[in-house]
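Dumped protein_8.cif below, it's mmCIF, C-alpha atoms:
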data_work
#
loop_
_atom_site.label_atom_id
_atom_site.label_comp_id
_atom_site.auth_asym_id
_atom_site.auth_seq_id
_atom_site.Cartn_x
_atom_site.Cartn_y
_atom_site.Cartn_z
CA MET A 1 33.80 -7.98 -26.40
CA LYS A 2 30.92 -5.81 -25.32
CA ALA A 3 28.91 -6.20 -28.53
CA LEU A 4 29.03 -9.97 -28.13
CA GLU A 5 27.84 -9.87 -24.53
CA GLU A 6 24.98 -7.62 -25.60
CA LYS A 7 24.09 -9.97 -28.44
CA ILE A 8 24.10 -12.99 -26.11
CA LEU A 9 21.84 -11.14 -23.67
CA LYS A 10 19.50 -10.13 -26.48
CA ASP A 11 19.45 -13.31 -28.58
CA GLY A 12 20.77 -16.12 -26.38
CA GLN A 13 18.52 -18.53 -24.53
CA VAL A 14 19.41 -20.62 -21.49
CA ARG A 15 18.12 -24.18 -21.55
CA PRO A 16 18.19 -26.92 -18.90
CA GLY A 17 21.55 -28.66 -18.56
CA HIS A 18 23.63 -25.46 -18.73
CA ILE A 19 22.96 -25.13 -22.43
CA LEU A 20 23.31 -21.64 -23.89
CA LYS A 21 21.57 -21.49 -27.24
CA VAL A 22 23.00 -18.90 -29.60
CA ASP A 23 21.84 -20.69 -32.70
CA ASN A 24 20.24 -17.62 -34.23
CA PHE A 25 23.57 -15.90 -34.88
CA LEU A 26 26.49 -18.23 -34.23
CA ASN A 27 26.10 -21.96 -34.79
CA HIS A 28 23.03 -22.82 -36.82
CA GLN A 29 21.95 -19.56 -38.41
CA MET A 30 25.04 -17.39 -38.84
CA ASP A 31 25.02 -13.58 -38.75
CA ILE A 32 27.81 -12.92 -41.24
CA ALA A 33 28.27 -9.21 -40.51
CA PHE A 34 28.53 -9.95 -36.80
CA ILE A 35 30.95 -12.83 -37.36
CA ASN A 36 33.12 -10.37 -39.26
CA GLU A 37 33.22 -8.25 -36.08
CA ILE A 38 34.30 -11.40 -34.21
CA GLY A 39 37.04 -12.02 -36.79
CA LYS A 40 38.29 -8.43 -36.41
CA GLU A 41 38.40 -8.85 -32.64
CA PHE A 42 40.43 -12.06 -32.92
CA TYR A 43 42.84 -10.14 -35.13
CA ARG A 44 43.09 -7.37 -32.53
CA LEU A 45 43.94 -10.00 -29.89
CA PHE A 46 46.27 -12.25 -31.89
CA GLY A 47 47.35 -10.18 -34.90
CA ASP A 48 50.88 -9.64 -33.54
CA ARG A 49 51.72 -13.37 -33.70
CA PRO A 50 53.36 -15.08 -36.70
CA ILE A 51 50.21 -17.12 -37.42
CA ASN A 52 50.24 -18.94 -40.75
CA LYS A 53 47.32 -21.34 -40.22
CA ILE A 54 43.97 -21.42 -38.43
CA LEU A 55 42.79 -24.72 -37.03
CA THR A 56 39.25 -25.61 -36.03
CA ILE A 57 36.97 -28.61 -35.77
CA GLU A 58 33.78 -29.35 -37.63
CA ALA A 59 31.14 -28.18 -37.78
CA SER A 60 30.33 -24.90 -35.99
CA GLY A 61 33.90 -23.62 -35.91
CA ILE A 62 34.37 -23.69 -39.68
CA GLY A 63 32.46 -20.58 -40.70
CA ILE A 64 33.91 -18.50 -37.88
CA ALA A 65 37.44 -19.66 -38.75
CA CYS A 66 36.97 -18.86 -42.46
CA ILE A 67 35.70 -15.33 -41.80
CA THR A 68 38.46 -14.78 -39.22
CA ALA A 69 41.19 -15.96 -41.60
CA GLN A 70 40.37 -13.03 -43.87
CA TYR A 71 41.71 -10.68 -41.18
CA PHE A 72 44.91 -12.75 -40.92
CA ASN A 73 45.99 -12.14 -44.50
CA ASN A 74 43.89 -15.08 -45.76
CA VAL A 75 45.93 -17.79 -44.01
CA PRO A 76 44.57 -21.27 -44.76
CA VAL A 77 41.94 -22.78 -42.48
CA VAL A 78 42.20 -26.49 -41.69
CA PHE A 79 39.30 -28.18 -39.98
CA ALA A 80 39.63 -31.48 -38.13
CA LYS A 81 36.93 -33.95 -39.06
CA LYS A 82 34.75 -36.02 -36.81
CA ALA A 83 35.39 -39.34 -38.46
CA GLN A 84 32.52 -41.56 -39.51
CA SER A 85 35.07 -44.13 -40.43
CA LEU A 86 38.84 -44.24 -40.55
CA ASN A 87 39.20 -45.19 -44.19
CA LEU A 88 40.43 -41.84 -45.46
CA ASP A 89 43.53 -42.48 -47.46
CA GLY A 90 46.91 -41.04 -46.63
CA SER A 91 48.39 -40.63 -43.23
CA LEU A 92 46.28 -39.05 -40.56
CA TYR A 93 46.56 -37.47 -37.16
CA ILE A 94 43.94 -39.23 -35.04
CA THR A 95 42.72 -38.26 -31.59
CA GLN A 96 39.66 -38.93 -29.48
CA VAL A 97 37.27 -36.22 -28.39
CA LYS A 98 34.48 -36.66 -25.88
CA SER A 99 31.15 -35.10 -26.76
CA TYR A 100 29.02 -33.90 -23.88
CA THR A 101 26.27 -32.70 -26.19
CA HIS A 102 25.86 -35.99 -28.02
CA GLY A 103 27.46 -38.43 -25.57
CA GLY A 104 30.28 -40.84 -26.30
CA THR A 105 33.69 -40.37 -27.85
CA LYS A 106 34.50 -39.60 -31.46
CA ASN A 107 37.58 -40.09 -33.53
CA VAL A 108 38.79 -36.74 -34.77
CA ILE A 109 41.16 -36.80 -37.72
CA MET A 110 43.30 -34.47 -39.77
CA SER A 111 45.39 -35.23 -42.80
CA LYS A 112 49.09 -35.02 -41.88
CA LYS A 113 49.90 -33.07 -45.01
CA PHE A 114 48.09 -30.01 -43.65
CA LEU A 115 50.04 -29.54 -40.42
CA SER A 116 53.79 -29.73 -39.86
CA ALA A 117 56.54 -28.49 -37.54
CA ASP A 118 56.80 -25.31 -39.64
CA ASP A 119 53.28 -24.17 -38.76
CA HIS A 120 52.28 -21.46 -36.29
CA VAL A 121 48.72 -22.14 -35.39
CA LEU A 122 45.74 -20.21 -34.06
CA ILE A 123 42.90 -22.45 -32.84
CA ILE A 124 39.42 -20.97 -33.30
CA ASP A 125 36.17 -22.41 -31.97
CA ASP A 126 32.69 -21.26 -31.11
CA PHE A 127 32.43 -22.65 -27.56
CA LEU A 128 34.78 -23.69 -24.76
CA ALA A 129 33.26 -25.62 -21.86
CA ASN A 130 35.09 -28.77 -20.77
CA GLY A 131 37.80 -28.15 -23.32
CA CYS A 132 37.49 -31.50 -25.05
CA ALA A 133 37.57 -30.14 -28.59
CA VAL A 134 40.50 -27.81 -27.92
CA ASN A 135 42.43 -30.59 -26.20
CA GLY A 136 41.89 -32.80 -29.23
CA LEU A 137 43.31 -30.09 -31.49
CA LEU A 138 46.26 -29.62 -29.10
CA ASP A 139 47.03 -33.35 -29.35
CA ILE A 140 47.19 -32.96 -33.11
CA ILE A 141 49.39 -29.84 -32.91
CA ASN A 142 51.77 -31.63 -30.53
CA GLU A 143 51.96 -34.70 -32.71
CA ALA A 144 52.74 -32.47 -35.70
CA GLY A 145 55.39 -30.56 -33.76
CA ALA A 146 53.67 -27.32 -34.78
CA THR A 147 53.74 -24.16 -32.64
CA LEU A 148 50.55 -23.06 -30.91
CA GLU A 149 50.23 -19.28 -31.03
CA GLY A 150 46.91 -19.03 -29.21
CA VAL A 151 43.35 -20.22 -28.77
CA GLY A 152 40.50 -17.89 -29.72
CA ILE A 153 37.06 -18.80 -28.43
CA VAL A 154 33.83 -16.94 -29.06
CA ILE A 155 31.97 -17.98 -25.88
CA GLU A 156 33.55 -19.64 -22.86
CA LYS A 157 31.48 -21.22 -20.12
CA GLY A 158 33.58 -19.93 -17.23
CA PHE A 159 31.69 -22.12 -14.75
CA GLN A 160 33.12 -25.20 -16.42
CA ASP A 161 36.79 -26.10 -16.17
CA GLY A 162 38.12 -26.23 -19.74
CA GLY A 163 39.44 -22.67 -19.89
CA LYS A 164 40.95 -22.72 -16.39
CA GLU A 165 42.79 -25.97 -17.07
CA LEU A 166 44.18 -24.77 -20.39
CA ARG A 167 45.40 -21.48 -18.89
CA ALA A 168 46.96 -23.37 -15.96
CA ARG A 169 49.05 -25.21 -18.56
CA GLY A 170 50.28 -21.87 -19.92
CA ILE A 171 48.11 -21.90 -23.01
CA ASP A 172 47.03 -18.46 -24.19
CA VAL A 173 43.25 -18.77 -24.35
CA LYS A 174 41.30 -15.63 -25.18
CA SER A 175 37.51 -15.80 -25.08
CA LEU A 176 35.44 -12.94 -26.45
CA ALA A 177 32.79 -13.52 -23.78
CA ILE A 178 33.11 -15.58 -20.60
CA VAL A 179 29.83 -16.61 -19.01
CA LYS A 180 30.27 -16.61 -15.24
CA SER A 181 26.82 -17.90 -14.42
CA MET A 182 23.50 -18.29 -16.09
CA THR A 183 19.92 -18.95 -15.09
CA ASP A 184 16.65 -18.96 -17.04
CA THR A 185 16.35 -15.24 -16.56
CA ASP A 186 19.89 -13.93 -16.28
CA ILE A 187 23.34 -14.35 -17.78
CA GLU A 188 26.37 -12.88 -16.03
CA PHE A 189 29.76 -12.36 -17.68
CA GLU A 190 33.24 -12.23 -16.23
CA GLU A 191 34.85 -8.83 -16.48
CA GLN A 192 37.82 -8.87 -18.83
CA ASP A 193 40.65 -6.46 -19.56
CA ASP A 194 40.78 -4.99 -23.02
CA MET B 1 35.05 -20.91 -63.89
CA LYS B 2 38.39 -21.27 -65.60
CA ALA B 3 40.48 -20.59 -62.49
CA LEU B 4 38.68 -23.39 -60.66
CA GLU B 5 39.25 -25.89 -63.47
CA GLU B 6 42.94 -24.97 -63.47
CA LYS B 7 43.11 -25.35 -59.69
CA ILE B 8 41.45 -28.78 -59.86
CA LEU B 9 43.90 -29.88 -62.57
CA LYS B 10 46.84 -28.59 -60.51
CA ASP B 11 45.80 -29.62 -56.99
CA GLY B 12 43.07 -32.26 -57.35
CA GLN B 13 43.75 -35.97 -57.15
CA VAL B 14 41.61 -38.77 -58.54
CA ARG B 15 41.21 -41.79 -56.29
CA PRO B 16 39.57 -45.17 -56.86
CA GLY B 17 35.77 -45.11 -56.62
CA HIS B 18 35.34 -41.88 -58.60
CA ILE B 19 36.63 -39.83 -55.71
CA LEU B 20 38.05 -36.42 -56.59
CA LYS B 21 40.15 -35.16 -53.71
CA VAL B 22 40.36 -31.39 -53.49
CA ASP B 23 41.07 -31.37 -49.78
CA ASN B 24 44.05 -29.04 -50.06
CA PHE B 25 41.95 -26.02 -51.03
CA LEU B 26 38.22 -26.76 -50.65
CA ASN B 27 37.03 -29.19 -48.02
CA HIS B 28 39.69 -29.98 -45.42
CA GLN B 29 42.29 -27.27 -45.85
CA MET B 30 40.56 -24.17 -47.20
CA ASP B 31 42.22 -21.58 -49.43
CA ILE B 32 40.40 -18.49 -48.20
CA ALA B 33 41.50 -16.12 -50.98
CA PHE B 34 40.39 -18.64 -53.59
CA ILE B 35 37.08 -19.27 -51.85
CA ASN B 36 36.51 -15.53 -52.04
CA GLU B 37 36.87 -15.84 -55.83
CA ILE B 38 34.27 -18.62 -55.69
CA GLY B 39 31.95 -16.38 -53.66
CA LYS B 40 32.33 -13.57 -56.20
CA GLU B 41 31.51 -15.97 -59.03
CA PHE B 42 28.34 -17.16 -57.27
CA TYR B 43 27.36 -13.52 -56.93
CA ARG B 44 27.98 -12.96 -60.64
CA LEU B 45 25.69 -15.91 -61.39
CA PHE B 46 22.91 -15.33 -58.84
CA GLY B 47 23.31 -11.70 -57.76
CA ASP B 48 20.21 -10.57 -59.67
CA ARG B 49 17.85 -12.71 -57.54
CA PRO B 50 16.10 -11.48 -54.38
CA ILE B 51 18.10 -13.86 -52.18
CA ASN B 52 17.78 -13.22 -48.45
CA LYS B 53 19.25 -16.45 -47.08
CA ILE B 54 21.92 -18.98 -48.00
CA LEU B 55 21.33 -22.60 -47.07
CA THR B 56 23.94 -25.32 -46.83
CA ILE B 57 24.62 -28.56 -45.01
CA GLU B 58 27.42 -29.38 -42.60
CA ALA B 59 30.28 -29.65 -42.78
CA SER B 60 32.19 -28.72 -45.95
CA GLY B 61 29.56 -26.33 -47.28
CA ILE B 62 29.66 -24.02 -44.28
CA GLY B 63 32.86 -22.10 -44.94
CA ILE B 64 32.06 -21.63 -48.63
CA ALA B 65 28.55 -20.41 -47.77
CA CYS B 66 29.86 -17.94 -45.18
CA ILE B 67 32.43 -16.41 -47.53
CA THR B 68 29.83 -16.30 -50.34
CA ALA B 69 27.25 -14.57 -48.13
CA GLN B 70 29.59 -11.59 -47.85
CA TYR B 71 29.03 -10.91 -51.56
CA PHE B 72 25.25 -11.12 -51.07
CA ASN B 73 25.08 -8.18 -48.69
CA ASN B 74 25.83 -10.43 -45.68
CA VAL B 75 22.59 -12.41 -45.85
CA PRO B 76 22.40 -15.00 -43.06
CA VAL B 77 23.73 -18.50 -43.64
CA VAL B 78 21.76 -21.43 -42.21
CA PHE B 79 23.35 -24.84 -42.20
CA ALA B 80 21.36 -28.05 -41.85
CA LYS B 81 22.82 -30.42 -39.29
CA LYS B 82 23.51 -34.09 -39.61
CA ALA B 83 21.73 -35.16 -36.48
CA GLN B 84 23.45 -37.38 -33.94
CA SER B 85 20.18 -37.53 -32.12
CA LEU B 86 16.81 -35.91 -32.52
CA ASN B 87 16.60 -34.34 -29.09
CA LEU B 88 17.15 -30.75 -30.15
CA ASP B 89 14.40 -28.71 -28.62
CA GLY B 90 11.92 -26.71 -30.61
CA SER B 91 10.32 -27.69 -33.82
CA LEU B 92 12.50 -29.04 -36.57
CA TYR B 93 12.45 -29.75 -40.24
CA ILE B 94 13.69 -33.33 -40.58
CA THR B 95 14.69 -35.14 -43.71
CA GLN B 96 16.81 -38.15 -44.61
CA VAL B 97 19.96 -37.93 -46.68
CA LYS B 98 21.89 -40.89 -48.06
CA SER B 99 25.63 -40.76 -47.75
CA TYR B 100 27.62 -42.49 -50.45
CA THR B 101 30.92 -41.54 -48.85
CA HIS B 102 30.11 -42.96 -45.44
CA GLY B 103 27.29 -45.37 -46.29
CA GLY B 104 23.83 -45.40 -44.72
CA THR B 105 21.25 -42.70 -44.22
CA LYS B 106 21.40 -39.75 -41.85
CA ASN B 107 18.74 -37.57 -40.37
CA VAL B 108 19.31 -33.99 -41.44
CA ILE B 109 17.61 -31.32 -39.39
CA MET B 110 17.03 -27.60 -39.35
CA SER B 111 15.29 -25.48 -36.80
CA LYS B 112 11.95 -24.26 -38.18
CA LYS B 113 12.55 -20.76 -36.89
CA PHE B 114 15.29 -20.18 -39.48
CA LEU B 115 13.28 -20.86 -42.63
CA SER B 116 9.79 -19.68 -43.55
CA ALA B 117 7.54 -18.94 -46.53
CA ASP B 118 9.02 -15.43 -46.68
CA ASP B 119 12.51 -16.66 -47.52
CA HIS B 120 14.21 -16.61 -50.92
CA VAL B 121 16.95 -19.16 -50.73
CA LEU B 122 20.24 -19.87 -52.48
CA ILE B 123 21.62 -23.35 -51.76
CA ILE B 124 25.42 -23.57 -51.73
CA ASP B 125 27.48 -26.76 -51.50
CA ASP B 126 30.96 -27.96 -52.35
CA PHE B 127 30.05 -31.06 -54.39
CA LEU B 128 27.11 -32.36 -56.39
CA ALA B 129 27.20 -36.02 -57.40
CA ASN B 130 24.04 -38.03 -56.77
CA GLY B 131 22.26 -34.97 -55.47
CA CYS B 132 21.33 -36.45 -52.09
CA ALA B 133 22.38 -33.45 -50.02
CA VAL B 134 20.69 -30.93 -52.32
CA ASN B 135 17.52 -33.03 -52.41
CA GLY B 136 17.47 -33.06 -48.61
CA LEU B 137 17.72 -29.27 -48.55
CA LEU B 138 14.97 -29.02 -51.19
CA ASP B 139 12.70 -31.14 -48.96
CA ILE B 140 13.26 -28.64 -46.17
CA ILE B 141 12.65 -25.63 -48.44
CA ASN B 142 9.42 -27.21 -49.70
CA GLU B 143 8.21 -28.01 -46.21
CA ALA B 144 8.93 -24.40 -45.19
CA GLY B 145 7.12 -23.04 -48.24
CA ALA B 146 10.21 -20.96 -49.01
CA THR B 147 11.21 -19.95 -52.54
CA LEU B 148 14.26 -21.55 -54.10
CA GLU B 149 16.23 -19.00 -56.12
CA GLY B 150 19.01 -21.31 -57.22
CA VAL B 151 21.58 -23.94 -56.39
CA GLY B 152 25.28 -23.00 -56.51
CA ILE B 153 27.76 -25.86 -56.56
CA VAL B 154 31.52 -25.63 -56.65
CA ILE B 155 32.25 -28.97 -58.34
CA GLU B 156 29.68 -31.17 -60.06
CA LYS B 157 30.43 -34.72 -61.08
CA GLY B 158 28.72 -34.58 -64.45
CA PHE B 159 29.06 -38.33 -64.93
CA GLN B 160 26.68 -38.90 -62.02
CA ASP B 161 23.01 -38.07 -62.26
CA GLY B 162 22.29 -35.53 -59.50
CA GLY B 163 22.70 -32.39 -61.59
CA LYS B 164 20.83 -33.77 -64.61
CA GLU B 165 17.86 -34.85 -62.48
CA LEU B 166 17.64 -31.51 -60.69
CA ARG B 167 17.78 -29.54 -63.96
CA ALA B 168 15.13 -31.84 -65.48
CA ARG B 169 12.85 -30.74 -62.63
CA GLY B 170 13.42 -27.11 -63.62
CA ILE B 171 15.79 -26.30 -60.78
CA ASP B 172 18.41 -23.71 -61.64
CA VAL B 173 21.67 -25.48 -60.76
CA LYS B 174 24.89 -23.68 -61.62
CA SER B 175 28.16 -25.50 -61.04
CA LEU B 176 31.45 -23.63 -61.26
CA ALA B 177 33.15 -26.71 -62.69
CA ILE B 178 31.52 -29.82 -64.15
CA VAL B 179 33.74 -32.87 -64.36
CA LYS B 180 32.79 -34.82 -67.49
CA SER B 181 35.19 -37.69 -66.91
CA MET B 182 38.21 -38.46 -64.85
CA THR B 183 40.95 -41.05 -64.75
CA ASP B 184 44.14 -41.36 -62.70
CA THR B 185 45.96 -39.18 -65.18
CA ASP B 186 43.35 -36.87 -66.65
CA ILE B 187 40.31 -34.81 -65.69
CA GLU B 188 37.99 -33.46 -68.39
CA PHE B 189 35.47 -30.69 -67.84
CA GLU B 190 32.21 -29.92 -69.60
CA GLU B 191 32.30 -26.71 -71.57
CA GLN B 192 29.99 -24.10 -70.12
CA ASP B 193 28.64 -20.76 -71.29
CA ASP B 194 29.68 -17.71 -69.36
#
Show me, as structure tokens, the structure contained in the file I just sent.
Amino acid sequence: MKALEEKILKDGQVRPGHILKVDNFLNHQMDIAFINEIGKEFYRLFGDRPINKILTIEASGIGIACITAQYFNNVPVVFAKKAQSLNLDGSLYITQVKSYTHGGTKNVIMSKKFLSADDHVLIIDDFLANGCAVNGLLDIINEAGATLEGVGIVIEKGFQDGGKELRARGIDVKSLAIVKSMTDTDIEFEEQDD
Amino acid sequence: MKALEEKILKDGQVRPGHILKVDNFLNHQMDIAFINEIGKEFYRLFGDRPINKILTIEASGIGIACITAQYFNNVPVVFAKKAQSLNLDGSLYITQVKSYTHGGTKNVIMSKKFLSADDHVLIIDDFLANGCAVNGLLDIINEAGATLEGVGIVIEKGFQDGGKELRARGIDVKSLAIVKSMTDTDIEFEEQDD
């Protein structure tokens, strides 16, 4: 998505530790008009699938998923929660997700009543690097017996292995921008087909 | 908002400890068409103010704020983060917020670059009970010297003191539904003017 690459070049900042900060439009301050363009693009890429639910994980994925759902006939969005505790009532899907940003492993939970074998799911998230968050959501989808229709990512760090590993398993991951390499002064993107 | 009261009566569940679960449409699974109705209603209530930014706090407020922003000419949404650590770079607004759901106190942070004395802010959140989250956001707005234009809440627990205390300080809090009392079998709402 050309407009996204241009926005990353204009507004993104590279920080030590392979951190790409896009917090002025994507995951702290959110540019709502631009995120609508992102939602439209996800619909262009996945709109032919029988998607009836969008899945994401708190926190940064939620707003993007909600805006995107509007282009998918307002399908419900369900967001997995990073559990502070496991005392939510009812029966839960529980999986562990490693966090590279914060360190350690977190329980990620989703109420069983919101995902079943009847569901056809699109996963949406802001970033894909090591793939930990997406793999956590895939665990939940598998446990539910739901059908994965695709994974839509705003920015993939192509120099980390998450995307490659998912695609090697036959999972249809589409990232609107794939960063091939980045330095303090330059960000390069992988060329993608339309 | 009559449609919201009806939805709470139909889909909400009261649990021990004065917990009102509305996780099937508001804060775990999200009913996107209905949240658009909520966004429209916030615009009806606050649309005459010179709002240029919507503020919320992760996680459940984010989706509601993003959908609502679309009715406010796509003003940016900024969400305060519950900090795992305080090693975000740059200068931050930091405040403490008590959590009654999870226990303890959390640091809540926001990058200073996203809020300044020029901003006219609408706070949006899903619930108001003791008012801890809203008070944390007010601390940040005060520190920034920004102007608060109003506080829009989806569901207020009127039998707790957060809303009363905020209104007593002259803050314009509008809640789309105010629960006056609730038991296992019944939920009563406060009557509100249009």
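With all atoms listed in the file taken into account, the protein and nucleic acid residues at most 10 Å from Ile141 (chain B) (excluding it and anything under 2 positions from it in its own chain) are Leu55, Tyr93, Leu115, Ser116, Ala117, Asp119, His120, Val121, Ile123, Asn135, Gly136, Leu137, Leu138, Asp139, Glu143, Ala144, Gly145, Ala146, Thr147 and Leu148 of chain B.
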Any idea which chain B residues end up within 10 Å of chain A if we count only C-alpha atoms, as a tab-separated table (two decimals) with C-alpha atoms, keeping the file's coordinate frame please?
chain	number	residue	atom	x	y	z
B	15	ARG	CA	41.21	-41.79	-56.29
B	23	ASP	CA	41.07	-31.37	-49.78
B	24	ASN	CA	44.05	-29.04	-50.06
B	25	PHE	CA	41.95	-26.02	-51.03
B	26	LEU	CA	38.22	-26.76	-50.65
B	27	ASN	CA	37.03	-29.19	-48.02
B	28	HIS	CA	39.69	-29.98	-45.42
B	29	GLN	CA	42.29	-27.27	-45.85
B	30	MET	CA	40.56	-24.17	-47.20
B	31	ASP	CA	42.22	-21.58	-49.43
B	32	ILE	CA	40.40	-18.49	-48.20
B	33	ALA	CA	41.50	-16.12	-50.98
B	34	PHE	CA	40.39	-18.64	-53.59
B	35	ILE	CA	37.08	-19.27	-51.85
B	36	ASN	CA	36.51	-15.53	-52.04
B	53	LYS	CA	19.25	-16.45	-47.08
B	54	ILE	CA	21.92	-18.98	-48.00
B	55	LEU	CA	21.33	-22.60	-47.07
B	57	ILE	CA	24.62	-28.56	-45.01
B	58	GLU	CA	27.42	-29.38	-42.60
B	59	ALA	CA	30.28	-29.65	-42.78
B	60	SER	CA	32.19	-28.72	-45.95
B	61	GLY	CA	29.56	-26.33	-47.28
B	62	ILE	CA	29.66	-24.02	-44.28
B	63	GLY	CA	32.86	-22.10	-44.94
B	64	ILE	CA	32.06	-21.63	-48.63
B	65	ALA	CA	28.55	-20.41	-47.77
B	66	CYS	CA	29.86	-17.94	-45.18
B	67	ILE	CA	32.43	-16.41	-47.53
B	68	THR	CA	29.83	-16.30	-50.34
B	69	ALA	CA	27.25	-14.57	-48.13
B	70	GLN	CA	29.59	-11.59	-47.85
B	73	ASN	CA	25.08	-8.18	-48.69
B	74	ASN	CA	25.83	-10.43	-45.68
B	75	VAL	CA	22.59	-12.41	-45.85
B	76	PRO	CA	22.40	-15.00	-43.06
B	77	VAL	CA	23.73	-18.50	-43.64
B	78	VAL	CA	21.76	-21.43	-42.21
B	79	PHE	CA	23.35	-24.84	-42.20
B	80	ALA	CA	21.36	-28.05	-41.85
B	81	LYS	CA	22.82	-30.42	-39.29
B	82	LYS	CA	23.51	-34.09	-39.61
B	83	ALA	CA	21.73	-35.16	-36.48
B	84	GLN	CA	23.45	-37.38	-33.94
B	85	SER	CA	20.18	-37.53	-32.12
B	87	ASN	CA	16.60	-34.34	-29.09
B	89	ASP	CA	14.40	-28.71	-28.62
B	101	THR	CA	30.92	-41.54	-48.85
B	102	HIS	CA	30.11	-42.96	-45.44
B	103	GLY	CA	27.29	-45.37	-46.29
B	110	MET	CA	17.03	-27.60	-39.35
B	111	SER	CA	15.29	-25.48	-36.80
B	113	LYS	CA	12.55	-20.76	-36.89
B	114	PHE	CA	15.29	-20.18	-39.48
B	115	LEU	CA	13.28	-20.86	-42.63
Spell out the residues picked by the PyMOL selection byres ((chain B and resi 127) around 10) here, as a ChimeraX atom specification. /B:20,26-27,60-61,124-126,128-131,133-134,152-157,175,177-178
Go ahead and write the residues just picked, C-alpha atoms, as a short mmCIF file (atom, residue, chain, number, x, y, z; two decimals), keeping the file's coordinate frame.
data_model
loop_
_atom_site.label_atom_id
_atom_site.label_comp_id
_atom_site.auth_asym_id
_atom_site.auth_seq_id
_atom_site.Cartn_x
_atom_site.Cartn_y
_atom_site.Cartn_z
CA LEU B 20 38.05 -36.42 -56.59
CA LEU B 26 38.22 -26.76 -50.65
CA ASN B 27 37.03 -29.19 -48.02
CA SER B 60 32.19 -28.72 -45.95
CA GLY B 61 29.56 -26.33 -47.28
CA ILE B 124 25.42 -23.57 -51.73
CA ASP B 125 27.48 -26.76 -51.50
CA ASP B 126 30.96 -27.96 -52.35
CA LEU B 128 27.11 -32.36 -56.39
CA ALA B 129 27.20 -36.02 -57.40
CA ASN B 130 24.04 -38.03 -56.77
CA GLY B 131 22.26 -34.97 -55.47
CA ALA B 133 22.38 -33.45 -50.02
CA VAL B 134 20.69 -30.93 -52.32
CA GLY B 152 25.28 -23.00 -56.51
CA ILE B 153 27.76 -25.86 -56.56
CA VAL B 154 31.52 -25.63 -56.65
CA ILE B 155 32.25 -28.97 -58.34
CA GLU B 156 29.68 -31.17 -60.06
CA LYS B 157 30.43 -34.72 -61.08
CA SER B 175 28.16 -25.50 -61.04
CA ALA B 177 33.15 -26.71 -62.69
CA ILE B 178 31.52 -29.82 -64.15
#
Rounded to one decimal place, report the CA of Gly17 (chain B)-CA of Arg169 (chain B) distance in Å.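 CA of Arg169 (chain B) lies at a distance of 27.7 Å from CA of Gly17 (chain B).
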Using the chain letters and numbers from this file, what does the PyMOL selection byres ((chain B and resi 184) around 9) select? Give the answer as JSON, numbers by chain. {"B": [13, 14, 15, 16, 182, 183, 185, 186, 187]}
Can you write just those residues out, C-alpha atoms, as a short mmCIF file (atom, residue, chain, number, x, y, z; two decimals), in the coordinates of the input?
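Listing of selection-v7.cif after writing:
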data_model
loop_
_atom_site.label_atom_id
_atom_site.label_comp_id
_atom_site.auth_asym_id
_atom_site.auth_seq_id
_atom_site.Cartn_x
_atom_site.Cartn_y
_atom_site.Cartn_z
CA GLN B 13 43.75 -35.97 -57.15
CA VAL B 14 41.61 -38.77 -58.54
CA ARG B 15 41.21 -41.79 -56.29
CA PRO B 16 39.57 -45.17 -56.86
CA MET B 182 38.21 -38.46 -64.85
CA THR B 183 40.95 -41.05 -64.75
CA THR B 185 45.96 -39.18 -65.18
CA ASP B 186 43.35 -36.87 -66.65
CA ILE B 187 40.31 -34.81 -65.69
#
